[in-house]
>>> print(open('start-v3.cif').read())   # mmCIF, C-alpha atoms and all ligand atoms
data_input
#
loop_
_atom_site.label_atom_id
_atom_site.label_comp_id
_atom_site.auth_asym_id
_atom_site.auth_seq_id
_atom_site.Cartn_x
_atom_site.Cartn_y
_atom_site.Cartn_z
CA MET A 8 -4.62 7.51 -20.33
CA LYS A 9 -8.24 8.52 -20.91
CA ILE A 10 -9.39 9.88 -24.24
CA PHE A 11 -10.53 13.50 -24.08
CA GLU A 12 -12.98 15.51 -26.16
CA CYS A 13 -13.55 19.12 -27.06
CA GLY A 14 -16.27 20.72 -24.88
CA ASN A 15 -17.44 22.71 -27.90
CA CYS A 16 -17.51 20.25 -30.83
CA SER A 17 -16.75 16.85 -29.21
CA ASN A 18 -13.72 16.27 -31.43
CA PRO A 19 -11.22 13.94 -29.70
CA LEU A 20 -8.31 15.79 -28.07
CA PHE A 21 -4.90 14.64 -27.00
CA PHE A 22 -3.81 15.33 -23.44
CA GLU A 23 -1.16 17.80 -24.66
CA ASN A 24 -3.47 19.84 -26.96
CA THR A 25 -3.93 23.57 -26.42
CA ARG A 26 -6.38 23.93 -29.32
CA CYS A 27 -9.05 21.80 -30.89
CA GLU A 28 -7.92 20.87 -34.43
CA LYS A 29 -11.53 20.94 -35.65
CA CYS A 30 -13.26 24.01 -34.18
CA GLY A 31 -10.18 25.98 -33.18
CA HIS A 32 -11.27 26.55 -29.58
CA PHE A 33 -8.51 26.76 -27.01
CA CYS A 34 -8.35 23.94 -24.53
CA GLY A 35 -6.56 22.92 -21.38
CA PHE A 36 -6.49 20.19 -18.77
CA SER A 37 -8.21 20.48 -15.41
CA VAL A 38 -6.60 18.02 -13.00
CA THR A 39 -9.38 18.40 -10.43
CA ASP A 40 -11.99 17.07 -12.90
CA LEU A 41 -9.50 15.03 -15.01
CA LYS A 42 -11.08 16.62 -18.07
CA MET A 43 -10.09 18.85 -20.95
CA LEU A 44 -12.01 22.13 -20.89
CA SER A 45 -12.38 24.37 -23.94
CA PHE A 46 -12.52 28.11 -24.34
CA VAL A 47 -13.50 30.59 -27.05
CA SER A 48 -10.52 32.89 -26.42
CA THR A 49 -7.51 33.16 -24.14
CA GLU A 50 -8.05 36.79 -23.18
CA VAL A 51 -7.47 37.57 -19.50
CA SER A 52 -9.44 34.85 -17.70
CA MET A 53 -10.82 32.28 -20.07
CA ILE A 54 -14.41 31.13 -19.56
CA SER A 55 -14.86 27.39 -20.07
CA ASP A 56 -17.48 26.25 -22.60
CA ARG A 57 -18.55 23.44 -20.36
CA GLU A 58 -19.17 25.03 -16.98
CA ARG A 59 -18.84 28.78 -17.58
CA ARG A 60 -16.15 29.21 -14.92
CA PRO A 61 -13.09 31.41 -15.47
CA TYR A 62 -9.59 29.85 -15.64
CA ASN A 63 -6.03 30.85 -16.37
CA TYR A 64 -3.35 28.72 -17.95
CA CYS A 65 -0.38 27.64 -15.86
CA LYS A 66 2.53 30.06 -16.28
CA ASN A 67 4.50 27.43 -18.20
CA GLN A 68 1.92 27.52 -21.00
CA GLN A 69 3.87 30.47 -22.47
CA PHE A 70 6.79 28.08 -23.13
CA GLY A 71 4.57 25.47 -24.79
CA VAL A 72 5.30 22.90 -22.07
CA CYS A 73 2.02 22.94 -20.13
CA ASN A 74 -1.69 23.21 -20.93
CA TRP A 75 -3.01 22.76 -17.39
CA LEU A 76 -5.60 25.14 -15.99
CA ILE A 77 -5.83 27.01 -12.72
CA PRO A 78 -9.23 28.38 -11.55
CA ALA A 79 -9.09 32.19 -11.86
CA GLU A 80 -9.95 32.72 -8.19
CA ASP A 81 -6.80 30.78 -7.28
CA ASP A 82 -3.67 32.96 -7.22
CA ARG A 83 -1.16 30.20 -7.98
CA GLU A 84 1.10 30.83 -10.97
CA PHE A 85 1.92 27.20 -11.62
CA CYS A 86 -0.28 24.12 -11.96
CA GLU A 87 0.07 21.05 -9.71
CA ALA A 88 2.57 19.48 -12.14
CA CYS A 89 4.76 22.54 -12.72
CA ALA A 90 4.77 23.51 -9.02
CA LEU A 91 6.98 20.42 -8.54
CA ASN A 92 9.84 21.89 -10.63
CA ARG A 93 12.71 23.06 -8.44
CA THR A 94 15.33 23.36 -11.18
CA ILE A 95 14.66 23.78 -14.88
CA PRO A 96 17.35 24.19 -17.55
CA ASP A 97 18.61 27.51 -18.89
CA LEU A 98 16.01 28.22 -21.55
CA SER A 99 18.21 30.54 -23.56
CA ASP A 100 19.93 27.36 -24.80
CA ASP A 101 17.79 25.98 -27.66
CA GLU A 102 18.92 22.39 -27.20
CA ASN A 103 18.14 22.45 -23.47
CA PHE A 104 14.76 23.97 -24.19
CA LYS A 105 13.81 21.11 -26.53
CA LYS A 106 14.90 18.55 -23.92
CA TRP A 107 12.88 20.29 -21.22
CA GLN A 108 9.78 20.13 -23.46
CA LYS A 109 10.16 16.35 -23.73
CA LEU A 110 10.66 16.00 -19.97
CA GLU A 111 7.50 18.00 -19.32
CA VAL A 112 5.39 15.76 -21.58
CA ALA A 113 6.50 12.72 -19.56
CA LYS A 114 6.17 14.50 -16.20
CA HIS A 115 2.61 15.74 -16.88
CA ARG A 116 1.56 12.22 -17.83
CA LEU A 117 3.10 10.94 -14.61
CA VAL A 118 1.29 13.53 -12.48
CA TYR A 119 -2.00 12.76 -14.26
CA GLN A 120 -1.57 9.08 -13.38
CA LEU A 121 -0.71 9.78 -9.74
CA ALA A 122 -3.89 11.90 -9.56
CA ARG A 123 -5.87 8.96 -10.97
CA LEU A 124 -4.42 6.80 -8.20
CA ASN A 125 -5.42 9.46 -5.62
CA LEU A 126 -1.82 9.63 -4.44
CA ALA A 127 -0.92 12.83 -2.61
CA LEU A 128 1.83 14.76 -4.36
CA PRO A 129 2.75 17.90 -2.37
CA SER A 130 5.56 20.08 -3.69
CA LYS A 131 8.76 19.99 -1.64
CA ILE A 132 9.06 23.73 -2.26
CA THR A 133 6.11 24.28 0.14
CA ASP A 134 6.28 21.02 2.14
CA GLU A 135 9.95 20.31 2.89
CA ALA A 136 9.27 17.21 5.02
CA ASN A 137 6.89 15.23 2.80
CA GLY A 138 6.96 16.89 -0.59
CA LEU A 139 8.47 15.94 -3.92
CA CYS A 140 10.35 18.12 -6.40
CA PHE A 141 12.20 17.74 -9.69
CA ASP A 142 15.65 18.95 -10.70
CA PHE A 143 16.13 18.83 -14.48
CA ILE A 144 19.85 19.39 -14.91
CA SER A 145 22.84 18.64 -17.10
CA ARG A 146 26.07 17.15 -15.86
CA GLN A 147 28.47 19.95 -16.90
CA GLY A 148 31.60 18.06 -15.89
CA ASP A 149 30.24 16.98 -12.51
CA VAL A 150 30.23 13.21 -13.00
CA ASP A 151 28.59 12.55 -9.64
CA ILE A 152 25.20 13.90 -10.77
CA MET A 153 22.98 10.99 -11.76
CA THR A 154 19.34 10.43 -12.58
CA GLY A 155 17.90 9.31 -9.27
CA HIS A 156 15.90 10.04 -6.13
CA ALA A 157 16.99 11.22 -2.68
CA ASN A 158 14.67 12.48 0.09
CA GLY A 159 11.89 13.70 -2.18
CA VAL A 160 14.20 15.18 -4.84
CA VAL A 161 14.03 13.49 -8.22
CA THR A 162 16.94 14.41 -10.48
CA ILE A 163 16.59 13.75 -14.19
CA LEU A 164 19.61 14.35 -16.40
CA LEU A 165 18.71 16.42 -19.45
CA SER A 166 20.73 14.04 -21.62
CA GLU A 167 18.00 11.43 -21.04
CA ALA A 168 15.73 13.60 -23.22
CA ASP A 169 18.15 13.12 -26.14
CA SER A 170 16.94 10.01 -27.94
CA VAL A 171 20.37 9.20 -29.42
CA HIS A 172 22.10 9.35 -26.03
CA ARG A 173 19.25 7.38 -24.39
CA GLU A 174 19.49 4.61 -27.00
CA LEU A 175 23.27 4.45 -26.46
CA MET A 176 22.75 4.12 -22.70
CA ARG A 177 20.03 1.52 -23.23
CA THR A 178 22.44 -0.61 -25.31
CA GLN A 179 25.36 -0.12 -22.91
CA MET A 180 23.22 -1.12 -19.92
CA SER A 181 21.65 -4.06 -21.88
CA GLU A 182 18.17 -2.73 -21.15
CA PRO A 183 15.25 -3.78 -23.37
CA TYR A 184 13.46 -0.51 -22.65
CA ARG A 185 14.54 2.99 -21.64
CA THR A 186 12.18 5.96 -21.87
CA LEU A 187 11.58 9.26 -20.11
CA ILE A 188 8.24 8.13 -18.69
CA GLY A 189 9.99 4.98 -17.47
CA HIS A 190 12.56 7.09 -15.58
CA PHE A 191 9.86 9.23 -13.99
CA ARG A 192 7.82 6.21 -12.94
CA HIS A 193 10.83 4.45 -11.45
CA GLU A 194 12.19 7.44 -9.50
CA VAL A 195 8.82 8.46 -8.09
CA GLY A 196 8.51 4.86 -6.87
CA HIS A 197 11.38 5.52 -4.47
CA TYR A 198 9.55 8.59 -3.16
CA TYR A 199 6.36 6.59 -2.52
CA TRP A 200 8.33 3.85 -0.78
CA ASP A 201 9.26 6.50 1.81
CA GLN A 202 5.71 7.86 1.94
CA LEU A 203 3.69 4.64 2.00
CA LEU A 204 5.97 2.13 3.72
CA ALA A 205 9.00 3.46 5.56
CA SER A 206 7.29 4.26 8.85
CA ASP A 207 4.76 1.39 8.98
CA THR A 208 6.25 -1.81 10.49
CA ARG A 209 3.35 -4.04 9.46
CA LYS A 210 3.54 -2.91 5.82
CA LEU A 211 7.35 -3.14 5.89
CA ASP A 212 7.15 -6.77 7.04
CA ALA A 213 4.83 -7.59 4.15
CA PHE A 214 7.23 -5.74 1.82
CA LYS A 215 10.24 -7.77 3.03
CA LYS A 216 8.44 -11.05 2.31
CA LEU A 217 8.05 -10.13 -1.34
CA PHE A 218 11.01 -7.89 -2.13
CA GLY A 219 13.63 -8.93 0.45
CA ASP A 220 15.43 -7.16 3.29
CA GLU A 221 15.96 -3.51 2.40
CA SER A 222 18.42 -2.97 5.29
CA LEU A 223 21.07 -4.64 3.09
CA ASP A 224 23.85 -2.10 2.41
CA TYR A 225 22.64 -0.23 -0.67
CA GLY A 226 26.03 1.00 -1.94
CA GLU A 227 27.60 -2.45 -1.67
CA ALA A 228 24.61 -4.09 -3.32
CA LEU A 229 24.80 -1.73 -6.31
CA ASN A 230 28.59 -2.20 -6.65
CA SER A 231 28.15 -5.92 -6.62
CA TYR A 232 25.36 -5.70 -9.23
CA TYR A 233 27.51 -3.56 -11.56
CA GLN A 234 30.43 -6.01 -11.15
CA ASN A 235 28.61 -9.32 -11.38
CA GLY A 236 25.32 -8.55 -13.14
CA ALA A 237 22.03 -10.24 -12.40
CA PRO A 238 21.86 -13.89 -11.30
CA ILE A 239 20.94 -16.49 -13.92
CA ASN A 240 17.19 -17.13 -14.02
CA TRP A 241 16.46 -13.64 -12.70
CA GLN A 242 13.31 -13.63 -14.87
CA GLN A 243 11.67 -16.09 -12.49
CA GLN A 244 11.51 -13.54 -9.66
CA TYR A 245 12.17 -10.10 -11.13
CA ILE A 246 10.80 -7.80 -13.83
CA SER A 247 14.26 -6.61 -14.92
CA GLU A 248 17.94 -7.32 -14.33
CA TYR A 249 18.33 -4.04 -12.46
CA ALA A 250 15.56 -5.06 -10.06
CA THR A 251 17.92 -7.72 -8.69
CA ALA A 252 20.39 -5.05 -7.44
CA HIS A 253 18.63 -4.27 -4.13
CA PRO A 254 15.06 -4.60 -2.70
CA TRP A 255 14.58 -0.83 -3.15
CA GLU A 256 15.37 -1.15 -6.86
CA ASP A 257 13.10 -4.17 -7.15
CA TRP A 258 10.35 -2.05 -5.59
CA ALA A 259 10.98 0.94 -7.93
CA GLU A 260 11.11 -1.31 -11.00
CA SER A 261 7.93 -3.17 -10.01
CA TRP A 262 6.25 0.15 -9.21
CA ALA A 263 7.20 1.55 -12.65
CA HIS A 264 5.82 -1.57 -14.35
CA TYR A 265 2.64 -1.38 -12.31
CA LEU A 266 2.20 2.19 -13.64
CA HIS A 267 3.01 1.08 -17.22
CA ILE A 268 0.37 -1.62 -17.08
CA MET A 269 -2.27 0.61 -15.47
CA ASP A 270 -1.74 3.33 -18.10
CA MET A 271 -1.90 0.89 -21.00
CA ALA A 272 -5.00 -0.75 -19.52
CA GLU A 273 -6.67 2.64 -19.05
CA THR A 274 -5.91 3.69 -22.64
CA ALA A 275 -7.18 0.38 -24.02
CA HIS A 276 -10.32 0.66 -21.89
CA PHE A 277 -11.20 4.19 -23.03
CA PHE A 278 -10.60 3.26 -26.68
CA GLY A 279 -12.80 0.18 -26.29
CA VAL A 280 -10.01 -2.15 -27.41
CA SER A 281 -10.93 -5.82 -27.30
CA VAL A 282 -8.98 -8.80 -28.57
CA LYS A 283 -10.44 -11.83 -30.32
CA PRO A 284 -7.64 -13.54 -32.23
CA LYS A 285 -8.31 -16.12 -34.94
CA LEU A 286 -6.83 -18.97 -32.91
CA SER A 287 -8.35 -22.25 -31.75
CA SER A 288 -7.34 -21.45 -28.16
CA LYS A 289 -9.32 -18.83 -26.29
CA SER A 290 -6.40 -17.89 -24.08
CA LEU A 291 -5.65 -14.60 -25.80
CA ARG A 292 -9.21 -13.28 -25.83
CA GLY A 293 -10.18 -10.33 -23.73
CA ALA A 294 -11.47 -6.81 -23.35
CA ILE A 295 -10.75 -4.25 -20.69
CA ASP A 296 -14.39 -3.57 -19.90
CA GLU A 297 -13.80 -1.64 -16.68
CA ASP A 298 -11.70 1.41 -15.93
CA PRO A 299 -8.67 -0.26 -14.25
CA TYR A 300 -8.43 2.48 -11.61
CA THR A 301 -11.80 1.32 -10.25
CA VAL A 302 -10.92 -2.40 -10.13
CA SER A 303 -9.92 -3.76 -6.72
CA ARG A 304 -8.25 -7.03 -7.85
CA PHE A 305 -4.96 -6.49 -9.66
CA GLU A 306 -5.04 -10.02 -11.13
CA LYS A 307 -8.20 -9.07 -13.03
CA ILE A 308 -6.54 -5.99 -14.54
CA PHE A 309 -3.45 -8.02 -15.43
CA ASP A 310 -5.40 -10.85 -17.09
CA ARG A 311 -7.34 -8.41 -19.26
CA TRP A 312 -4.30 -6.32 -20.11
CA MET A 313 -2.14 -9.29 -21.17
CA PRO A 314 -3.90 -10.00 -24.52
CA VAL A 315 -3.86 -6.27 -25.32
CA SER A 316 -0.10 -6.07 -24.72
CA PHE A 317 0.35 -9.06 -27.04
CA VAL A 318 -1.53 -7.19 -29.78
CA ILE A 319 0.47 -3.98 -29.29
CA ASN A 320 3.75 -5.89 -29.47
CA SER A 321 2.54 -7.69 -32.61
CA LEU A 322 1.52 -4.40 -34.26
CA ASN A 323 4.95 -2.96 -33.46
CA ARG A 324 6.60 -6.02 -35.00
CA SER A 325 4.49 -5.40 -38.15
CA MET A 326 6.18 -2.01 -38.36
CA GLY A 327 9.65 -3.38 -37.59
CA ILE A 328 9.95 -1.47 -34.33
CA PRO A 329 10.77 -2.90 -30.88
CA ASP A 330 8.03 -4.36 -28.70
CA ALA A 331 6.11 -1.71 -26.72
CA TYR A 332 6.25 -3.97 -23.67
CA PRO A 333 9.37 -6.15 -24.03
CA PHE A 334 9.06 -8.00 -20.70
CA VAL A 335 7.87 -11.34 -19.41
CA VAL A 336 5.89 -10.97 -16.19
CA SER A 337 6.34 -14.01 -13.94
CA PRO A 338 3.88 -14.95 -11.14
CA PRO A 339 6.14 -13.55 -8.33
CA VAL A 340 6.25 -10.21 -10.19
CA ILE A 341 2.44 -10.17 -10.48
CA GLU A 342 2.40 -10.70 -6.69
CA LYS A 343 4.67 -7.68 -6.21
CA MET A 344 2.40 -5.53 -8.39
CA ARG A 345 -0.66 -6.79 -6.54
CA PHE A 346 1.00 -5.67 -3.28
CA ILE A 347 1.57 -2.20 -4.78
CA HIS A 348 -2.01 -2.01 -6.10
CA GLU A 349 -3.47 -2.90 -2.70
CA LEU A 350 -1.09 -0.61 -0.81
CA ILE A 351 -2.20 2.34 -2.96
CA ARG A 352 -5.90 1.45 -2.71
CA ASN A 353 -5.79 0.91 1.04
CA GLY A 354 -3.94 4.16 1.51
CA LYS A 355 -6.92 6.06 0.09
ZN ZN B 401 -13.64 21.54 -30.92
ZN ZN B 402 1.89 23.69 -15.55
ZN ZN B 403 16.16 3.36 -8.46
#
>>> encode(input="start-v3.cif", output="structure tokens")
Amino acid sequence: MKIFECGNCSNPLFFENTRCEKCGHFCGFSVTDLKMLSFVSTEVSMISDRERRPYNYCKNQQFGVCNWLIPAEDDREFCEACALNRTIPDLSDDENFKKWQKLEVAKHRLVYQLARLNLALPSKITDEANGLCFDFISRQGDVDIMTGHANGVVTILLSEADSVHRELMRTQMSEPYRTLIGHFRHEVGHYYWDQLLASDTRKLDAFKKLFGDESLDYGEALNSYYQNGAPINWQQQYISEYATAHPWEDWAESWAHYLHIMDMAETAHFFGVSVKPKLSSKSLRGAIDEDPYTVSRFEKIFDRWMPVSFVINSLNRSMGIPDAYPFVVSPPVIEKMRFIHELIRNGK
């Protein structure tokens, strides 16, 4: 993600901030300009310091889960990210409320990234045929409810926002990585498969060449994966074991990793991170000198991101915590991500 600054005093701001720590001005995120705007007060319509226009906060600001802005002349109650919520938990339950807050942090970061990729994201509440919506729910005895995607509805189980439960699931499923942002990125990948590929035979043919035949029975494929696990040497073709279950899952996993890499590359770029290790080989040198969202060749983004990911993993190991990016990306997986990168860029 980009680094933001206060419009009043230029202090750096995090994406989630509602106030500048230094000058105390209120602030909020404008998704149309991809900028943080700052305000002297939050009375009625706030006037931004930067461009003197009036704004209101999204209605979810009152719960501390959203700092996005809506131009005052616009009568929407919810911002672009919150308008996607179809079901939110019962907020009178404190535990649920805390989980919802965590889900919203991940969801807003997802929606920011989709905006950076210029991907359309209509709400299913107003566009039943092509929209997307989120159901944040708990299982309450109904064991059939799972985190997943179906026809533009992304369901995320509230229990995934509980770090103890998530770590337990991660160990049980032998996953090296399990996070809320990872869930969001994966599930929204299924939605974009429908939007970008499903009705285009030429693109589908290209998809099949890389990911395999998606007409394979999905239920059977998943059963077989849960019974037999991933084939040996899966790392040579896939980003994760789960990606081997079915071409749709391979797509959603590769899509999620594409988004991971783009976000890390963007953050590194805006912080001016460059890597020059004290090694005789020059292979790990690099700097992300361009904003990755403006780069047409995915291989270029990948090559520049690779040394940075090595540094981040090494820093994490210094602190005794797991690698930030615990995956090996093989050449066929880079090909899959290149396909996704080009599909998104050509769709613009
Ligand atoms: Zn400030
Ligand atoms: Zn909002
Ligand atoms: Zn999936």
>>> residues_near_ligand(input="start-v3.cif", ligand="ligand ZN 403 (chain B)", cutoff="9 Å", atoms="only C-alpha atoms and all ligand atoms", output="list of chain:residue names")
A:Thr154, A:Gly155, A:His156, A:His190, A:His193, A:Glu194, A:Val195, A:Gly196, A:His197, A:Tyr249, A:Ala250, A:Trp255, A:Glu256, A:Asp257, A:Trp258, A:Ala259, A:Glu260
>>> atom_distance(input="start-v3.cif", atom1="CA of Glu28 (chain A)", atom2="CA of Val72 (chain A)")
18.2 Å
>>> closest_atom_pairs(input="start-v3.cif", of="chain A", to="ligand ZN 401 (chain B)", cutoff="10 Å", atoms="all atoms listed in the file", output="tab-separated table")
residue	atom	partner	partner_atom	distance
A:Glu12	CA	B:ZN401	ZN	7.7
A:Cys13	CA	B:ZN401	ZN	4.6
A:Gly14	CA	B:ZN401	ZN	6.6
A:Asn15	CA	B:ZN401	ZN	5.0
A:Cys16	CA	B:ZN401	ZN	4.1
A:Ser17	CA	B:ZN401	ZN	5.9
A:Asn18	CA	B:ZN401	ZN	5.3
A:Pro19	CA	B:ZN401	ZN	8.1
A:Leu20	CA	B:ZN401	ZN	8.3
A:Arg26	CA	B:ZN401	ZN	7.8
A:Cys27	CA	B:ZN401	ZN	4.6
A:Glu28	CA	B:ZN401	ZN	6.7
A:Lys29	CA	B:ZN401	ZN	5.2
A:Cys30	CA	B:ZN401	ZN	4.1
A:Gly31	CA	B:ZN401	ZN	6.1
A:His32	CA	B:ZN401	ZN	5.7
A:Phe33	CA	B:ZN401	ZN	8.3
A:Cys34	CA	B:ZN401	ZN	8.6
A:Ser45	CA	B:ZN401	ZN	7.6
A:Phe46	CA	B:ZN401	ZN	9.4
A:Val47	CA	B:ZN401	ZN	9.8
>>> atom_distance(input="start-v3.cif", atom1="CA of Leu165 (chain A)", atom2="CA of Glu227 (chain A)")
27.4 Å
>>> residues_near_ligand(input="start-v3.cif", ligand="ligand ZN 402 (chain B)", cutoff="7 Å", atoms="all atoms listed in the file", output="list in words")
Cys65, Lys66, Asn67, Gln68, Cys73, Asn74, Trp75, Phe85, Cys86, Glu87, Ala88 and Cys89 of chain A
>>> residues_near_point(input="start-v3.cif", point="(7.2, 17.5, -9.5)", cutoff="7 Å", atoms="all atoms listed in the file", output="ChimeraX atom specification")
/A:88-92,130,139-141
>>> build_atoms(input="start-v3.cif", residues="region 269-278 of chain A", atoms="all heavy atoms", output="PDB file, in the frame of the given file")
ATOM      1  N   MET A 269      -1.037  -0.116 -15.752  1.00  0.00           N
ATOM      2  CA  MET A 269      -2.270   0.610 -15.470  1.00  0.00           C
ATOM      3  C   MET A 269      -2.561   1.640 -16.573  1.00  0.00           C
ATOM      4  O   MET A 269      -3.709   1.799 -17.003  1.00  0.00           O
ATOM      5  CB  MET A 269      -2.180   1.325 -14.116  1.00  0.00           C
ATOM      6  CG  MET A 269      -2.170   0.382 -12.933  1.00  0.00           C
ATOM      7  SD  MET A 269      -3.683  -0.604 -12.750  1.00  0.00           S
ATOM      8  CE  MET A 269      -4.762   0.570 -11.928  1.00  0.00           C
ATOM      9  N   ASP A 270      -1.519   2.318 -17.054  1.00  0.00           N
ATOM     10  CA  ASP A 270      -1.740   3.330 -18.100  1.00  0.00           C
ATOM     11  C   ASP A 270      -2.183   2.674 -19.400  1.00  0.00           C
ATOM     12  O   ASP A 270      -3.124   3.120 -20.049  1.00  0.00           O
ATOM     13  CB  ASP A 270      -0.459   4.160 -18.296  1.00  0.00           C
ATOM     14  CG  ASP A 270      -0.737   5.469 -19.039  1.00  0.00           C
ATOM     15  OD1 ASP A 270      -1.842   5.635 -19.602  1.00  0.00           O
ATOM     16  OD2 ASP A 270       0.148   6.345 -19.067  1.00  0.00           O
ATOM     17  N   MET A 271      -1.489   1.575 -19.767  1.00  0.00           N
ATOM     18  CA  MET A 271      -1.900   0.890 -21.000  1.00  0.00           C
ATOM     19  C   MET A 271      -3.317   0.357 -20.889  1.00  0.00           C
ATOM     20  O   MET A 271      -4.107   0.445 -21.827  1.00  0.00           O
ATOM     21  CB  MET A 271      -0.933  -0.275 -21.291  1.00  0.00           C
ATOM     22  CG  MET A 271       0.428   0.176 -21.815  1.00  0.00           C
ATOM     23  SD  MET A 271       1.609  -1.206 -21.795  1.00  0.00           S
ATOM     24  CE  MET A 271       1.165  -2.064 -23.289  1.00  0.00           C
ATOM     25  N   ALA A 272      -3.652  -0.186 -19.721  1.00  0.00           N
ATOM     26  CA  ALA A 272      -5.000  -0.750 -19.520  1.00  0.00           C
ATOM     27  C   ALA A 272      -6.050   0.363 -19.592  1.00  0.00           C
ATOM     28  O   ALA A 272      -7.126   0.184 -20.174  1.00  0.00           O
ATOM     29  CB  ALA A 272      -5.076  -1.478 -18.175  1.00  0.00           C
ATOM     30  N   GLU A 273      -5.713   1.522 -19.018  1.00  0.00           N
ATOM     31  CA  GLU A 273      -6.670   2.640 -19.050  1.00  0.00           C
ATOM     32  C   GLU A 273      -6.896   3.110 -20.501  1.00  0.00           C
ATOM     33  O   GLU A 273      -8.040   3.322 -20.927  1.00  0.00           O
ATOM     34  CB  GLU A 273      -6.141   3.811 -18.206  1.00  0.00           C
ATOM     35  CG  GLU A 273      -7.138   4.956 -18.131  1.00  0.00           C
ATOM     36  CD  GLU A 273      -6.556   6.236 -17.552  1.00  0.00           C
ATOM     37  OE1 GLU A 273      -5.342   6.479 -17.706  1.00  0.00           O
ATOM     38  OE2 GLU A 273      -7.318   7.007 -16.952  1.00  0.00           O
ATOM     39  N   THR A 274      -5.794   3.255 -21.238  1.00  0.00           N
ATOM     40  CA  THR A 274      -5.910   3.690 -22.640  1.00  0.00           C
ATOM     41  C   THR A 274      -6.761   2.695 -23.427  1.00  0.00           C
ATOM     42  O   THR A 274      -7.695   3.083 -24.130  1.00  0.00           O
ATOM     43  CB  THR A 274      -4.509   3.810 -23.281  1.00  0.00           C
ATOM     44  OG1 THR A 274      -3.698   4.637 -22.445  1.00  0.00           O
ATOM     45  CG2 THR A 274      -4.582   4.403 -24.662  1.00  0.00           C
ATOM     46  N   ALA A 275      -6.444   1.415 -23.281  1.00  0.00           N
ATOM     47  CA  ALA A 275      -7.180   0.380 -24.020  1.00  0.00           C
ATOM     48  C   ALA A 275      -8.661   0.404 -23.635  1.00  0.00           C
ATOM     49  O   ALA A 275      -9.547   0.267 -24.483  1.00  0.00           O
ATOM     50  CB  ALA A 275      -6.580  -0.995 -23.737  1.00  0.00           C
ATOM     51  N   HIS A 276      -8.932   0.621 -22.346  1.00  0.00           N
ATOM     52  CA  HIS A 276     -10.320   0.660 -21.890  1.00  0.00           C
ATOM     53  C   HIS A 276     -11.077   1.822 -22.538  1.00  0.00           C
ATOM     54  O   HIS A 276     -12.170   1.647 -23.079  1.00  0.00           O
ATOM     55  CB  HIS A 276     -10.382   0.789 -20.366  1.00  0.00           C
ATOM     56  CG  HIS A 276     -11.758   1.125 -19.883  1.00  0.00           C
ATOM     57  ND1 HIS A 276     -12.807   0.234 -19.966  1.00  0.00           N
ATOM     58  CD2 HIS A 276     -12.270   2.270 -19.370  1.00  0.00           C
ATOM     59  CE1 HIS A 276     -13.896   0.813 -19.506  1.00  0.00           C
ATOM     60  NE2 HIS A 276     -13.611   2.043 -19.133  1.00  0.00           N
ATOM     61  N   PHE A 277     -10.480   3.026 -22.516  1.00  0.00           N
ATOM     62  CA  PHE A 277     -11.200   4.190 -23.030  1.00  0.00           C
ATOM     63  C   PHE A 277     -11.315   4.178 -24.559  1.00  0.00           C
ATOM     64  O   PHE A 277     -12.190   4.832 -25.115  1.00  0.00           O
ATOM     65  CB  PHE A 277     -10.586   5.499 -22.508  1.00  0.00           C
ATOM     66  CG  PHE A 277     -11.064   5.786 -21.102  1.00  0.00           C
ATOM     67  CD1 PHE A 277     -10.311   5.411 -19.997  1.00  0.00           C
ATOM     68  CD2 PHE A 277     -12.300   6.379 -20.883  1.00  0.00           C
ATOM     69  CE1 PHE A 277     -10.763   5.644 -18.701  1.00  0.00           C
ATOM     70  CE2 PHE A 277     -12.765   6.619 -19.593  1.00  0.00           C
ATOM     71  CZ  PHE A 277     -11.999   6.253 -18.498  1.00  0.00           C
ATOM     72  N   PHE A 278     -10.455   3.413 -25.231  1.00  0.00           N
ATOM     73  CA  PHE A 278     -10.600   3.260 -26.680  1.00  0.00           C
ATOM     74  C   PHE A 278     -11.480   2.061 -27.036  1.00  0.00           C
ATOM     75  O   PHE A 278     -11.705   1.783 -28.201  1.00  0.00           O
ATOM     76  CB  PHE A 278      -9.215   3.137 -27.349  1.00  0.00           C
ATOM     77  CG  PHE A 278      -8.593   4.472 -27.633  1.00  0.00           C
ATOM     78  CD1 PHE A 278      -7.816   5.109 -26.680  1.00  0.00           C
ATOM     79  CD2 PHE A 278      -8.811   5.119 -28.844  1.00  0.00           C
ATOM     80  CE1 PHE A 278      -7.258   6.355 -26.934  1.00  0.00           C
ATOM     81  CE2 PHE A 278      -8.249   6.365 -29.103  1.00  0.00           C
ATOM     82  CZ  PHE A 278      -7.470   6.993 -28.137  1.00  0.00           C
TER      83      PHE A 278
END
